[in-house]
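Participant: Provided herewith is a single structure, encoded as structure tokens, for subsequent inquiry.
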Amino acid sequence: MTSTDAATEGHEAAALLERTRDIVGPHLRAAVETLPGTIRRVVMYHFGWQDADGVPAAGQGGKAIRPALVLAAARALGGGQESALRAAVAVELVHNFTLLHDDVIDQDATRRHRPTAWAVFGVPDAIVAGDAMLALAQRLLAEDPHPAAARAAARLSGCVIELCTGQQADCALEERDPLGVTLDECLTMATAKTGALLGCACALGALYAEADEPAVGAMDGFGREAGLAFQLIDDLIDIWGDATRTGKPVGADLAAHKKSLPVVAALTSGTPAADELAALYRGAMSTPAEVVRAAAAVDRAGGRDWAQACAADRMARAVHHLSRAVPDPAAAQDLLALAEFVTRRTC
């Protein structure tokens, strides 16, 4: 793909995400507004629709990648996106449930350029608000008269269990010795923590298009592989991204001793830089200078190059899955544009 092609696809994906926010946003907000009192206030703040004092704010509530995948998958398989709107909202609620809880677990102080919900309202309110979003997502599907709703609800529930498994594995890896974690373990964790929900989003779109089971499975495979590529790029952005664009401090995962994919690739490289990185991970790594040294060690040990190459490989696998479900490239255009976008983004 040329730089011109990439730029064109980037613009297409950005326009698609904007249209998705315009379509899904009002339904998402209407669902959130059914939540009671304080819970609603925390969730409205998390999405950027209100400030902490309840004053309306102009936040967009995120990129809307997952609901865009739901609607694009439904269209690609000949379904109407209107029928899949509840599923798109449900997936976005589940995604934001995980963000609220992840911020608490990781003690991240900022998200989307402002303090996280737990930092403003406290840990108990943030956890309860996340729980309520998860329940609300399931209620939306339970009340949906579409014939695919029951299968979609079951699939989403299974996905949430997988997400929790991935999160638990991520936390457990933090306690392991830096040189005792394998790449296979890390890839399995990332697939569960990130790939599962993108795969579920695509599968739900296929279900609402009333596609057959092989197509649903292929769409799930497409989303999972694209999701793993997404996570690889996300890990790179955490180490070398621009905090003014991401809204989060760069190097937070390094400071927290996270065994992210580029880090584990570096640690398992058998290079002198891997030993330096392991020593830093065994220490407190409490100063900005140590975080900078750790990032440089990841680079020298080949972690950055490996992650970029692996992201490209996972995208190739994703496209293969997609071609099985949607043989017509024109019908798959929106899904391909979204997949390219998430693997070429810088924030």
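Identifiers in this document derive from the order of the structure tokens: chains are assigned A, B, ..., residues are numbered from 1 separately in each chain, and ligands are numbered from 1 in order of occurrence.
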Segment 84-180 of chain A near segment 245-261 of chain A within 7 Å: what's each residue's closest atom pair and its distance in Å to one decimal, counting only C-alpha atoms, ordered by chain then ascending residue number, as a Markdown table?
Facilitator:
| residue | atom | partner | partner_atom | distance |
| --- | --- | --- | --- | --- |
| A:Thr110 | CA | A:Lys248 | CA | 5.7 |
| A:Arg111 | CA | A:Gly247 | CA | 5.7 |
| A:Arg112 | CA | A:Gly247 | CA | 4.7 |
| A:His113 | CA | A:Gly247 | CA | 4.0 |
| A:Leu173 | CA | A:Lys259 | CA | 6.5 |
| A:Glu174 | CA | A:Lys258 | CA | 5.7 |
Participant: Just want the 8 Å neighbourhood of segment 68-80 of chain A, counted on only C-alpha atoms, with same-chain residues fewer than 5 positions away dropped. Output as a PyMOL selection string.
Facilitator: chain A and resi 16-17+20+85+87-88+198+201-211+219+325-326+331-332+334-335+338
Participant: Give me, please, the distance in Å between atom CA of Arg314 of chain A and atom CA of Ile239 of chain A, quoted to one decimal.
Facilitator: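 For atom CA of Arg314 of chain A relative to atom CA of Ile239 of chain A, the distance reads 20.4 Å.
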Participant: Considering only C-alpha atoms, can you say which of A:Leu35, A:Ala13, A:Val120, A:Ala190 comes closest to Leu228 of chain A?
Facilitator: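 Among the listed residues, A:Ala190 lies closest to Leu228 of chain A.
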Participant: Counting only C-alpha atoms, figure out which residue out of A:Val342, A:Arg176, A:Leu322, A:Ser83 gets nearest to Asp234 of chain A.
Facilitator: A:Val342
